[in-house]
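Chemist: Once you've had a glance at the structure underneath, I'll fire off some questions.
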Amino acid sequence: MLTLLRPDCRPGLGSTSSGNIIAAWTKESSRLTIECLPNDKVRWVLSHFIDNIRESAAGEAHLTRLNIVLAPYNQKQWFSDC
């Protein structure tokens with residue numbers, strides 16, 4: 001996943017009880033967590049603020065679509081703006 005996303009900002013890494021890798025980014029009060037699932041799928045959960053209003057979202061997608069799925073939430077805040 002990280003080789004495809006090529007983030008400038010390094011995530012915190014962990015694993016679930018079932019052995020899936022988790023990557024987490026935090027930028028001020030905005031958070032993004034991505035769980036790597038079998039067959040190149042990912043599960044993602046995010047929380048960020050727009051005009052001081054908290055917005056959260058979650059979903060599952062194929063890894064190759066992750067940047068597209070996260071685009072409405074300004075993924076650069078986690079991946080590029082370290």
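Identifiers for the structure tokens are assigned positionally: chains receive A, B, ... in sequence, residues are indexed from 1 per chain, and ligands are indexed from 1 in the order shown.
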For range 6-13 of chain A, please output as a list of chain:residue names all residues within 10 Å (counting only C-alpha atoms; exclusion window: fewer than 2 positions along the same chain).
Modeler: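 Answer for this query is A:Met1, A:Leu2, A:Thr3, A:Leu4, A:Ser15, A:Ile21, A:Ile22, A:Ala23, A:Ala24, A:Trp25, A:Thr26, A:Lys27, A:Leu32, A:Thr33, A:Ile34, A:Glu35, A:Gln75, A:Lys76, A:Gln77, A:Trp78, A:Phe79, A:Ser80, A:Asp81, A:Cys82.
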Chemist: Among chain A, which ones does DSSP place in alpha helix (DSSP H), written as a list in words?
Modeler: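 Secondary structure check on chain A, alpha helix (DSSP H): Leu2, Thr3, Leu4, Leu5, Leu66, Asn67, Ile68, Val69, Leu70, Lys76, Gln77, Trp78 and Phe79 of chain A.
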Chemist: Please produce a file of the residues just selected, as a compact mmCIF listing (two decimals), in the first residue's frame, where the atoms kept are N, CA and C atoms.
Modeler:
# COMPACT_ATOMS: atom_id res chain seq x y z
N LEU A 2 1.88 1.30 0.86
CA LEU A 2 2.72 2.49 0.95
C LEU A 2 3.52 2.72 -0.32
N THR A 3 3.90 1.65 -1.01
CA THR A 3 4.64 1.83 -2.26
C THR A 3 3.76 2.40 -3.36
N LEU A 4 2.47 2.13 -3.31
CA LEU A 4 1.55 2.69 -4.30
C LEU A 4 1.20 4.14 -3.97
N LEU A 5 0.96 4.44 -2.70
CA LEU A 5 0.59 5.80 -2.30
C LEU A 5 1.77 6.75 -2.33
N LEU A 66 -7.74 3.92 -3.98
CA LEU A 66 -7.71 4.62 -2.70
C LEU A 66 -7.51 6.12 -2.85
N ASN A 67 -6.57 6.56 -3.68
CA ASN A 67 -6.37 8.00 -3.87
C ASN A 67 -7.62 8.68 -4.40
N ILE A 68 -8.34 8.03 -5.29
CA ILE A 68 -9.57 8.60 -5.85
C ILE A 68 -10.65 8.69 -4.78
N VAL A 69 -10.77 7.65 -3.98
CA VAL A 69 -11.79 7.62 -2.92
C VAL A 69 -11.51 8.68 -1.86
N LEU A 70 -10.24 8.91 -1.54
CA LEU A 70 -9.89 9.89 -0.51
C LEU A 70 -9.81 11.32 -1.02
N LYS A 76 -3.95 15.06 0.74
CA LYS A 76 -2.62 15.66 0.84
C LYS A 76 -2.31 16.09 2.27
N GLN A 77 -3.34 16.41 3.05
CA GLN A 77 -3.10 16.82 4.43
C GLN A 77 -2.41 15.72 5.23
N TRP A 78 -2.61 14.48 4.86
CA TRP A 78 -1.96 13.37 5.56
C TRP A 78 -0.71 12.88 4.83
N PHE A 79 -0.73 12.91 3.51
CA PHE A 79 0.34 12.30 2.73
C PHE A 79 1.47 13.26 2.35
Chemist: Taking the DSSP assignment computed from this structure's backbone, write out as a ChimeraX atom specification all residues of chain A that belong to strand (DSSP E or B).
Modeler: /A:12-15,21-27,30-37,41-50,53-62
Chemist: Between A:Thr16, A:Asp40, A:Leu46, A:Asp51, single out the one closest to Leu63 in chain A, counting only C-alpha atoms.
Modeler: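 Closest candidate: A:Asp40.
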Chemist: CA of Ser30 in chain A to CA of Arg65 in chain A: how many Å, to one decimal?
Modeler: 21.2 Å
Chemist: Measuring between only C-alpha atoms, which one of A:Asn39, A:Ser47, A:Ser17, A:Ser29 shows the shortest distance to Ala61 in chain A?
Modeler: A:Asn39
